[in-house]
Amino acid sequence: MQYQSQAVAKPYFITAIALFGGQILFGLVLGLQYVVGDFLFPAIPFNVARMVHTNLLVVWLLFGFMGAAYYLVPEEAERELVSPKLAILNFWVFLIAGVLTILGYLLVPYAKLAEMTGNHLLPTMGREFLEQPTITKIGIVIVALVFLYNIGFTILKGRKTVINTILLLGLVGLAGLWLFSFYNPDNLVLDKFYWWWVVHLWVEGVWELILGSILAFVLIKVTGVDREVIDKWLYVIIAAALITGIIGTGHHYYWIGTPGYWQWWGSVFSAMEPIPFFMMTIFAFNMVNRRRRSHPNRAATLWALGCAVMGFLGAGVWGFLHTLAPVNYYTHGTQITAAHGHMAFYGAYAMIVITIISYAMPVLRGIGDANDNRSQVVEMWGFWLMTVAMVFITLFLTGAGILQVWLQRAADDPLPFMVAQEKVAIFYWLREVAGLVFLVGFVLYVASFFIARPARVAEGAPDAVPSPAG
Amino acid sequence: MSGRFSQTTARNVFYGGSAFFILLLLALTFDTSRALPERDNRHNLTEQVALGKSVWERNNCIGCHTLMGEGAYFAPELGNVYERRGPDFIKAWMKAMPTNAPGRRQMPQFNLGEEELDALIEFLKWTNAIDDENWPPNIQG
Ligand code: HEM
Ligand code: HEM
Ligand SMILES: [Fe+2]
């Protein structure tokens, strides 16, 4: 570790992984409820399990982003964090607020939770992904401000690099757009319109800045390629992301009461949204192929390459699949959407967080530049099992989705929703099996931390290491 | 990347491009706000409809259902349920839950009062009348 204060990243990373585990378990509950409809009913109705699943996802990614910032900003800015103590305090506040919120979902009926937390004073609850009680939302604002103060001043007082500037821009955007979660007008059309300013402008806007800067940081470290080269790529990628993604918001404005011209704006611009994800793939492979050194942490390099590929597949390819208005007319709100949501979130954001964790953890734990070979092999098994399982989850949901569209929306004699669901149940069973494989991959991934030992010198020596790119 | 395309150019494209498209989004948002009154049926947005939306949110219906195609994909689309089923069916349905049919997907009993139920139905009626470019493709949602 070059700077002592980087150590604050560790609890953030550990928490991220723990919450990821919780997310997977609730995913498996949901998957089972799809086919065994009364499983755990009425103790944990589907909507409750779903809130836990998706909110845990977002929260662990936020823990991951914060940990990433605390780890890489001191190194980039070449100085200690302004206040490591504040970072630890903030960690506990965020963790406790998060745990209380999840317990609230699980222990009291949602309507009761709304009442207990004074939702009527400023109603913001009951909307997808924004289910948190208003007081939790306010808590998130406070946590974000404290975090931005800490990171922002560290950068201001230190060296300003392209990487830490872009990261900061992304984080400020993340916090700023969150404020739209407080706007919940009675008019459903307006409510939905601005809801997407949080959800879409996050994942297809400012989060791509965070993704790009973390990826660039790790690539510099593991490849030793010149910063100038990496910086230019980073600018081009995020330029493409925002130029396409901002107006690309229109792909959510086709059928919610907004004017018909959005079908043009949304289709044209979102059709170009795969470009930045494609460039990330080219970028990552290019840098690894031009590497100046063989970094001993092959697992981290594998995650970085995997992230670039899976992000492109999930967001780029599966996004494009249903983004043109005439297609979306039929696929809107079906299992096709779920297929895309899973692979995109896993490929782009779960994997970038795991990439930085994989790179940073051996350093944070004082193990060295990398774990020993055995631990890395187990970690790579985790990588392959989780990634291949996610590919299959996506394929099975896509199969279910195509049939659903056919049976319920396109056939001459369309079937009712529930009848169509029963006909595609086999795909849901297969998805659940793939989900179990994903869980096995996760267990191996976690196990790799417990068996990690320092790498023997011979293992870390250049050229003794097989290339991760194969 | 070729040497002629400098990092400064890349940076300027990023800042300039982003600023331009943010402004374009704001302009389109402005135009949308002007066009919405014709489409979103707001002259029928009564107190009762607003209460209905609140009932919808407080009970997290979106956690199982889609509404105009957004939400969860576990249970039927409700943006057009008013047209598909009608007010009496919906009211009876809400009171009859859960079905407790073994193995079938379950919807909880929310114990709503008459006033809340009527408001909820008004909200679904109002939603059904929004001009959403003829989505969904058919009555099944
Ligand atoms: C990493 C980036 C991305 C993530 C994490 C992501 C995630 C998601 C999620 C979770 C949804 C479902 C939202 C809901 O519940 O209503 C969604 C919807 C959608 N996404 Fe993405 N997405 C990404 C990138 C893209 C890209 C690049 C495209 C286009 C090329 C795209 C096209 C769409 C479309 C058209 C929908 C609406 C689906 C519908 O009509 O039901 N997404 N995305
Ligand atoms: C491992 C097994 C998993 C299973 C069985 C599973 C299952 C599910 C189910 C049934 C839903 C609700 C779909 C609906 O609304 O009807 C869901 C939603 C979601 N899950 Fe998972 N999940 C798993 C893992 C993951 C992972 C690893 C991620 C991302 C890293 C993820 C991200 C999401 C997202 C973003 C949504 C919301 C989708 C949308 O609104 O379109 N899930 N999941
Ligand atoms: Fe989007």
# chains A, B, ... in the order shown; residues from 1 in each chain; ligands from 1
$ select_by_dssp --residues "chain B" --states "strand (DSSP E or B)" --output "number ranges by chain"
B: 65-67, 70-71, 75
$ closest_atom_pairs --of "chain A" --to "ligand 1" --cutoff "8 Å" --atoms "only C-alpha atoms and all ligand atoms" --output "tab-separated table"
residue	atom	partner	partner_atom_place_in_ligand_line	distance
A:Glu128	CA	ligand 1	15 (O)	6.8
A:Phe129	CA	ligand 1	15 (O)	7.8
A:Val199	CA	ligand 1	13 (C)	7.6
A:His200	CA	ligand 1	43 (N)	7.4
A:Val203	CA	ligand 1	2 (C)	4.9
A:Glu204	CA	ligand 1	2 (C)	5.3
A:Glu208	CA	ligand 1	1 (C)	7.4
A:Gly245	CA	ligand 1	27 (C)	7.6
A:Gly248	CA	ligand 1	29 (C)	7.7
A:His251	CA	ligand 1	35 (C)	5.3
A:His252	CA	ligand 1	37 (C)	5.9
A:Ser270	CA	ligand 1	29 (C)	5.0
A:Ala271	CA	ligand 1	30 (C)	5.3
A:Met272	CA	ligand 1	30 (C)	6.8
A:Glu273	CA	ligand 1	27 (C)	4.7
A:Pro274	CA	ligand 1	27 (C)	5.1
A:Phe277	CA	ligand 1	27 (C)	7.5
A:Gly311	CA	ligand 1	1 (C)	6.1
A:Gly314	CA	ligand 1	1 (C)	7.1
A:Ala315	CA	ligand 1	24 (C)	4.0
A:Gly316	CA	ligand 1	27 (C)	4.7
A:Val317	CA	ligand 1	30 (C)	6.9
A:Trp318	CA	ligand 1	30 (C)	7.2
A:Gly319	CA	ligand 1	28 (C)	3.6
A:Phe320	CA	ligand 1	30 (C)	3.9
A:Leu321	CA	ligand 1	30 (C)	7.3
A:His322	CA	ligand 1	35 (C)	5.2
A:Thr323	CA	ligand 1	35 (C)	3.7
A:Leu324	CA	ligand 1	35 (C)	7.1
A:Asn328	CA	ligand 1	40 (O)	5.6
A:Tyr329	CA	ligand 1	40 (O)	7.7
A:Thr331	CA	ligand 1	40 (O)	6.3
A:His332	CA	ligand 1	40 (O)	3.4
A:Gly333	CA	ligand 1	41 (O)	3.7
A:Thr334	CA	ligand 1	41 (O)	6.2
A:Ile336	CA	ligand 1	41 (O)	7.4
A:Thr337	CA	ligand 1	41 (O)	4.8
A:Ala338	CA	ligand 1	12 (C)	6.5
A:His340	CA	ligand 1	43 (N)	6.3
A:Gly341	CA	ligand 1	10 (C)	3.9
A:His342	CA	ligand 1	10 (C)	6.9
A:Met343	CA	ligand 1	5 (C)	7.9
A:Ala344	CA	ligand 1	5 (C)	4.6
A:Phe345	CA	ligand 1	5 (C)	4.0
A:Tyr346	CA	ligand 1	5 (C)	7.7
A:Gly347	CA	ligand 1	1 (C)	7.3
A:Ala348	CA	ligand 1	1 (C)	5.0
A:Tyr349	CA	ligand 1	1 (C)	6.6
$ write_last_selection --atoms "N, CA and C atoms" --output "compact mmCIF listing (two decimals), in the first residue's frame"
# COMPACT_ATOMS: atom_id res chain seq x y z
N GLU A 128 -40.26 1.31 -8.38
CA GLU A 128 -39.24 0.29 -8.59
C GLU A 128 -37.84 0.84 -8.37
N PHE A 129 -37.03 0.12 -7.64
CA PHE A 129 -35.66 0.48 -7.25
C PHE A 129 -35.61 1.61 -6.23
N VAL A 199 -32.66 6.22 -12.91
CA VAL A 199 -32.28 4.85 -13.28
C VAL A 199 -31.47 4.80 -14.58
N HIS A 200 -31.99 5.38 -15.64
CA HIS A 200 -31.26 5.31 -16.91
C HIS A 200 -30.00 6.18 -16.88
N VAL A 203 -27.18 4.19 -15.02
CA VAL A 203 -26.45 3.05 -15.60
C VAL A 203 -25.97 3.31 -17.02
N GLU A 204 -26.63 4.19 -17.74
CA GLU A 204 -26.18 4.47 -19.10
C GLU A 204 -25.65 5.89 -19.20
N GLU A 208 -21.11 4.96 -16.13
CA GLU A 208 -20.11 4.57 -17.13
C GLU A 208 -18.81 5.34 -16.93
N GLY A 245 -25.85 8.20 -24.66
CA GLY A 245 -26.69 7.77 -23.54
C GLY A 245 -27.68 8.82 -23.05
N GLY A 248 -30.35 8.86 -25.40
CA GLY A 248 -30.80 7.47 -25.37
C GLY A 248 -31.86 7.21 -24.30
N HIS A 251 -35.32 5.80 -25.07
CA HIS A 251 -35.82 4.44 -25.27
C HIS A 251 -36.76 4.00 -24.14
N HIS A 252 -36.89 4.82 -23.11
CA HIS A 252 -37.87 4.53 -22.06
C HIS A 252 -39.12 5.41 -22.19
N SER A 270 -30.13 5.44 -28.79
CA SER A 270 -29.80 4.26 -27.99
C SER A 270 -29.22 3.16 -28.88
N ALA A 271 -29.54 3.17 -30.17
CA ALA A 271 -28.91 2.18 -31.06
C ALA A 271 -27.40 2.38 -31.10
N MET A 272 -26.93 3.59 -30.77
CA MET A 272 -25.48 3.85 -30.76
C MET A 272 -24.86 3.61 -29.38
N GLU A 273 -25.71 3.36 -28.38
CA GLU A 273 -25.17 3.16 -27.04
C GLU A 273 -24.20 1.96 -26.91
N PRO A 274 -24.33 0.92 -27.73
CA PRO A 274 -23.34 -0.15 -27.61
C PRO A 274 -21.92 0.29 -27.93
N PHE A 277 -19.47 0.64 -25.06
CA PHE A 277 -19.19 -0.66 -24.44
C PHE A 277 -18.27 -1.49 -25.34
N GLY A 311 -19.84 -6.73 -20.19
CA GLY A 311 -20.54 -5.44 -20.25
C GLY A 311 -21.03 -5.20 -21.67
N GLY A 314 -23.96 -7.78 -22.33
CA GLY A 314 -25.18 -7.53 -21.56
C GLY A 314 -25.82 -6.19 -21.91
N ALA A 315 -25.01 -5.13 -21.88
CA ALA A 315 -25.55 -3.81 -22.16
C ALA A 315 -25.65 -3.60 -23.67
N GLY A 316 -24.55 -3.83 -24.37
CA GLY A 316 -24.51 -3.53 -25.79
C GLY A 316 -25.41 -4.45 -26.61
N VAL A 317 -25.11 -5.75 -26.58
CA VAL A 317 -25.84 -6.67 -27.46
C VAL A 317 -27.27 -6.87 -26.97
N TRP A 318 -27.43 -7.24 -25.68
CA TRP A 318 -28.79 -7.47 -25.19
C TRP A 318 -29.60 -6.18 -25.09
N GLY A 319 -28.90 -5.05 -24.92
CA GLY A 319 -29.62 -3.77 -24.94
C GLY A 319 -30.15 -3.48 -26.33
N PHE A 320 -29.26 -3.65 -27.32
CA PHE A 320 -29.65 -3.36 -28.70
C PHE A 320 -30.83 -4.22 -29.15
N LEU A 321 -30.80 -5.46 -28.67
CA LEU A 321 -31.84 -6.44 -29.03
C LEU A 321 -33.26 -5.87 -28.92
N HIS A 322 -33.51 -5.08 -27.90
CA HIS A 322 -34.89 -4.62 -27.67
C HIS A 322 -35.03 -3.10 -27.62
N THR A 323 -34.04 -2.38 -28.16
CA THR A 323 -34.07 -0.94 -27.96
C THR A 323 -34.78 -0.18 -29.08
N LEU A 324 -34.93 -0.80 -30.27
CA LEU A 324 -35.62 -0.09 -31.35
C LEU A 324 -37.12 -0.13 -31.08
N ASN A 328 -39.37 -2.96 -29.31
CA ASN A 328 -39.71 -2.72 -27.92
C ASN A 328 -41.22 -2.72 -27.69
N TYR A 329 -41.97 -2.38 -28.73
CA TYR A 329 -43.44 -2.43 -28.62
C TYR A 329 -43.89 -3.81 -28.15
N THR A 331 -41.58 -6.27 -26.80
CA THR A 331 -40.77 -6.86 -25.72
C THR A 331 -40.85 -6.08 -24.41
N HIS A 332 -41.41 -4.88 -24.46
CA HIS A 332 -41.44 -3.98 -23.30
C HIS A 332 -42.02 -4.68 -22.07
N GLY A 333 -41.24 -4.72 -20.98
CA GLY A 333 -41.74 -5.29 -19.74
C GLY A 333 -41.94 -6.80 -19.78
N THR A 334 -41.10 -7.50 -20.53
CA THR A 334 -41.18 -8.97 -20.54
C THR A 334 -39.89 -9.56 -19.96
N ILE A 336 -37.52 -10.55 -21.60
CA ILE A 336 -36.38 -10.03 -22.37
C ILE A 336 -35.72 -8.90 -21.57
N THR A 337 -36.55 -8.06 -20.98
CA THR A 337 -36.02 -6.97 -20.16
C THR A 337 -35.22 -7.54 -18.99
N ALA A 338 -35.77 -8.56 -18.35
CA ALA A 338 -35.08 -9.16 -17.21
C ALA A 338 -33.75 -9.78 -17.65
N HIS A 340 -31.79 -8.89 -20.14
CA HIS A 340 -30.85 -7.79 -20.35
C HIS A 340 -30.40 -7.17 -19.02
N GLY A 341 -31.35 -6.92 -18.13
CA GLY A 341 -31.01 -6.29 -16.84
C GLY A 341 -29.98 -7.12 -16.08
N HIS A 342 -30.15 -8.44 -16.09
CA HIS A 342 -29.21 -9.30 -15.36
C HIS A 342 -27.81 -9.26 -15.96
N MET A 343 -27.72 -9.48 -17.27
CA MET A 343 -26.37 -9.57 -17.82
C MET A 343 -25.67 -8.21 -17.80
N ALA A 344 -26.43 -7.14 -18.03
CA ALA A 344 -25.81 -5.81 -18.04
C ALA A 344 -25.30 -5.44 -16.65
N PHE A 345 -26.13 -5.64 -15.63
CA PHE A 345 -25.68 -5.28 -14.29
C PHE A 345 -24.50 -6.14 -13.84
N TYR A 346 -24.58 -7.43 -14.14
CA TYR A 346 -23.47 -8.29 -13.75
C TYR A 346 -22.22 -7.93 -14.54
N GLY A 347 -22.34 -7.88 -15.86
CA GLY A 347 -21.18 -7.69 -16.72
C GLY A 347 -20.49 -6.36 -16.49
N ALA A 348 -21.27 -5.29 -16.48
CA ALA A 348 -20.64 -3.98 -16.39
C ALA A 348 -20.30 -3.63 -14.95
N TYR A 349 -21.26 -3.71 -14.04
CA TYR A 349 -21.04 -3.11 -12.73
C TYR A 349 -20.62 -4.09 -11.65
$ closest_atom_pairs --of "chain B" --to "ligand 2" --cutoff "12 Å" --atoms "only C-alpha atoms and all ligand atoms" --output "CSV"
residue,atom,partner,partner_atom_place_in_ligand_line,distance
B:Cys61,CA,ligand 2,15 (O),11.6
B:Ile62,CA,ligand 2,15 (O),9.0
B:Gly63,CA,ligand 2,15 (O),7.1
B:Cys64,CA,ligand 2,15 (O),6.5
B:His65,CA,ligand 2,15 (O),7.9
B:Thr66,CA,ligand 2,15 (O),8.5
B:Gly69,CA,ligand 2,41 (O),10.6
B:Glu70,CA,ligand 2,40 (O),7.9
B:Gly71,CA,ligand 2,40 (O),6.3
B:Ala72,CA,ligand 2,15 (O),3.3
B:Tyr73,CA,ligand 2,16 (O),3.6
B:Phe74,CA,ligand 2,16 (O),4.2
B:Ala75,CA,ligand 2,16 (O),7.7
B:Pro76,CA,ligand 2,16 (O),10.5
B:Glu77,CA,ligand 2,16 (O),11.6
B:Arg105,CA,ligand 2,16 (O),11.6
$ residues_around --residues "Phe65 in chain A" --least-positions-apart "4" --cutoff "7 Å" --atoms "only C-alpha atoms" --output "short mmCIF file (atom, residue, chain, number, x, y, z; two decimals) with N, CA and C atoms, in the first residue's frame"
data_model
loop_
_atom_site.label_atom_id
_atom_site.label_comp_id
_atom_site.auth_asym_id
_atom_site.auth_seq_id
_atom_site.Cartn_x
_atom_site.Cartn_y
_atom_site.Cartn_z
N LEU A 61 -23.06 -2.41 -4.91
CA LEU A 61 -22.29 -1.72 -5.95
C LEU A 61 -21.82 -0.36 -5.43
N ALA A 69 -13.05 4.19 -4.83
CA ALA A 69 -12.60 5.58 -4.77
C ALA A 69 -11.58 5.76 -3.64
N VAL A 353 -16.64 -3.91 -10.03
CA VAL A 353 -16.37 -3.85 -8.60
C VAL A 353 -15.50 -5.05 -8.19
#
$ residues_around --residues "Lys53 in chain B" --least-positions-apart "5" --cutoff "9 Å" --atoms "only C-alpha atoms" --output "PDB file with all heavy atoms, in the first residue's frame"
ATOM      1  N   ASP A 186     -48.088  13.570  -8.419  1.00  0.00           N
ATOM      2  CA  ASP A 186     -49.291  12.745  -8.542  1.00  0.00           C
ATOM      3  C   ASP A 186     -49.479  12.241  -9.967  1.00  0.00           C
ATOM      4  O   ASP A 186     -50.068  11.194 -10.191  1.00  0.00           O
ATOM      5  CB  ASP A 186     -50.536  13.564  -8.152  1.00  0.00           C
ATOM      6  CG  ASP A 186     -50.560  13.873  -6.659  1.00  0.00           C
ATOM      7  OD1 ASP A 186     -49.922  13.108  -5.899  1.00  0.00           O
ATOM      8  OD2 ASP A 186     -51.198  14.865  -6.264  1.00  0.00           O
ATOM      9  N   ASN A 187     -48.984  13.030 -10.915  1.00  0.00           N
ATOM     10  CA  ASN A 187     -49.131  12.663 -12.322  1.00  0.00           C
ATOM     11  C   ASN A 187     -48.153  11.536 -12.665  1.00  0.00           C
ATOM     12  O   ASN A 187     -46.938  11.732 -12.746  1.00  0.00           O
ATOM     13  CB  ASN A 187     -48.870  13.890 -13.189  1.00  0.00           C
ATOM     14  CG  ASN A 187     -49.170  13.631 -14.648  1.00  0.00           C
ATOM     15  OD1 ASN A 187     -49.082  12.493 -15.120  1.00  0.00           O
ATOM     16  ND2 ASN A 187     -49.519  14.684 -15.372  1.00  0.00           N
ATOM     17  N   LEU A 188     -48.699  10.346 -12.902  1.00  0.00           N
ATOM     18  CA  LEU A 188     -47.874   9.152 -13.129  1.00  0.00           C
ATOM     19  C   LEU A 188     -46.907   9.329 -14.297  1.00  0.00           C
ATOM     20  O   LEU A 188     -45.772   8.839 -14.251  1.00  0.00           O
ATOM     21  CB  LEU A 188     -48.793   7.956 -13.383  1.00  0.00           C
ATOM     22  CG  LEU A 188     -48.117   6.606 -13.631  1.00  0.00           C
ATOM     23  CD1 LEU A 188     -47.410   6.100 -12.388  1.00  0.00           C
ATOM     24  CD2 LEU A 188     -49.149   5.574 -14.094  1.00  0.00           C
TER      25      LEU A 188
ATOM     26  N   GLN B  48     -59.065  11.971  -5.791  1.00  0.00           N
ATOM     27  CA  GLN B  48     -59.260  10.540  -5.597  1.00  0.00           C
ATOM     28  C   GLN B  48     -58.199   9.728  -6.353  1.00  0.00           C
ATOM     29  O   GLN B  48     -57.656   8.761  -5.821  1.00  0.00           O
ATOM     30  CB  GLN B  48     -60.661  10.149  -6.076  1.00  0.00           C
ATOM     31  CG  GLN B  48     -61.126   8.835  -5.488  1.00  0.00           C
ATOM     32  CD  GLN B  48     -62.477   8.399  -6.046  1.00  0.00           C
ATOM     33  OE1 GLN B  48     -62.939   8.936  -7.054  1.00  0.00           O
ATOM     34  NE2 GLN B  48     -63.097   7.435  -5.402  1.00  0.00           N
ATOM     35  N   ARG B  58     -47.954   2.735  -1.558  1.00  0.00           N
ATOM     36  CA  ARG B  58     -47.769   2.257  -0.176  1.00  0.00           C
ATOM     37  C   ARG B  58     -47.808   0.744  -0.087  1.00  0.00           C
ATOM     38  O   ARG B  58     -47.292   0.155   0.854  1.00  0.00           O
ATOM     39  CB  ARG B  58     -48.855   2.860   0.728  1.00  0.00           C
ATOM     40  CG  ARG B  58     -48.643   4.328   1.016  1.00  0.00           C
ATOM     41  CD  ARG B  58     -49.505   4.792   2.167  1.00  0.00           C
ATOM     42  NE  ARG B  58     -50.902   4.391   2.067  1.00  0.00           N
ATOM     43  CZ  ARG B  58     -51.918   5.233   1.829  1.00  0.00           C
ATOM     44  NH1 ARG B  58     -51.678   6.510   1.634  1.00  0.00           N
ATOM     45  NH2 ARG B  58     -53.153   4.794   1.789  1.00  0.00           N
ATOM     46  N   ALA B 119     -60.496   4.521  -4.636  1.00  0.00           N
ATOM     47  CA  ALA B 119     -59.451   5.410  -5.143  1.00  0.00           C
ATOM     48  C   ALA B 119     -58.493   4.630  -6.052  1.00  0.00           C
ATOM     49  O   ALA B 119     -58.102   5.105  -7.128  1.00  0.00           O
ATOM     50  CB  ALA B 119     -58.693   6.036  -3.977  1.00  0.00           C
ATOM     51  N   LEU B 120     -58.127   3.437  -5.618  1.00  0.00           N
ATOM     52  CA  LEU B 120     -57.217   2.604  -6.407  1.00  0.00           C
ATOM     53  C   LEU B 120     -57.806   2.343  -7.786  1.00  0.00           C
ATOM     54  O   LEU B 120     -57.124   2.448  -8.820  1.00  0.00           O
ATOM     55  CB  LEU B 120     -56.992   1.289  -5.655  1.00  0.00           C
ATOM     56  CG  LEU B 120     -55.981   0.314  -6.227  1.00  0.00           C
ATOM     57  CD1 LEU B 120     -54.596   0.925  -6.223  1.00  0.00           C
ATOM     58  CD2 LEU B 120     -55.984  -0.964  -5.410  1.00  0.00           C
ATOM     59  N   PHE B 123     -57.630   5.335  -9.921  1.00  0.00           N
ATOM     60  CA  PHE B 123     -56.253   5.510 -10.402  1.00  0.00           C
ATOM     61  C   PHE B 123     -55.986   4.606 -11.608  1.00  0.00           C
ATOM     62  O   PHE B 123     -55.399   5.034 -12.609  1.00  0.00           O
ATOM     63  CB  PHE B 123     -55.266   5.210  -9.263  1.00  0.00           C
ATOM     64  CG  PHE B 123     -53.830   5.083  -9.700  1.00  0.00           C
ATOM     65  CD1 PHE B 123     -53.142   6.184 -10.191  1.00  0.00           C
ATOM     66  CD2 PHE B 123     -53.152   3.864  -9.608  1.00  0.00           C
ATOM     67  CE1 PHE B 123     -51.813   6.076 -10.595  1.00  0.00           C
ATOM     68  CE2 PHE B 123     -51.832   3.750 -10.010  1.00  0.00           C
ATOM     69  CZ  PHE B 123     -51.157   4.855 -10.508  1.00  0.00           C
ATOM     70  N   LEU B 124     -56.462   3.353 -11.525  1.00  0.00           N
ATOM     71  CA  LEU B 124     -56.257   2.429 -12.648  1.00  0.00           C
ATOM     72  C   LEU B 124     -57.068   2.868 -13.871  1.00  0.00           C
ATOM     73  O   LEU B 124     -56.625   2.718 -15.013  1.00  0.00           O
ATOM     74  CB  LEU B 124     -56.613   0.998 -12.228  1.00  0.00           C
ATOM     75  CG  LEU B 124     -55.656   0.383 -11.193  1.00  0.00           C
ATOM     76  CD1 LEU B 124     -56.183  -0.950 -10.665  1.00  0.00           C
ATOM     77  CD2 LEU B 124     -54.254   0.207 -11.773  1.00  0.00           C
TER      78      LEU B 124
END
$ select_by_dssp --residues "range 284-462 of chain A" --states "alpha helix (DSSP H)" --output "JSON, numbers by chain"
{"A": [284, 285, 286, 287, 288, 289, 298, 299, 300, 301, 302, 303, 304, 305, 306, 307, 308, 309, 310, 311, 318, 319, 320, 321, 325, 326, 327, 328, 329, 330, 331, 335, 336, 337, 338, 339, 340, 341, 342, 343, 344, 351, 352, 353, 354, 355, 356, 357, 358, 359, 360, 361, 362, 363, 364, 373, 374, 375, 376, 377, 378, 379, 380, 381, 382, 383, 384, 385, 386, 387, 388, 389, 390, 391, 392, 393, 394, 395, 396, 397, 398, 399, 400, 401, 402, 403, 404, 417, 418, 419, 420, 421, 422, 423, 425, 426, 427, 428, 429, 430, 431, 432, 433, 434, 435, 436, 437, 438, 439, 440, 441, 442, 443, 444, 445, 446, 447, 448, 449, 450, 457, 458, 459, 460]}
$ residues_around --residues "range 27-34 of chain B" --least-positions-apart "4" --cutoff "10 Å" --atoms "only C-alpha atoms" --output "number ranges by chain"
A: 190, 193-194, 247, 250, 257-262, 265; B: 21-23, 38
$ interface_residues --of "chain B" --to "chain A" --cutoff "6 Å" --atoms "only C-alpha atoms" --output "PyMOL selection string"
chain B and resi 7+10-11+14+17-18+40+50+57-60+63-64+69-71+76+103-106+130-133+140
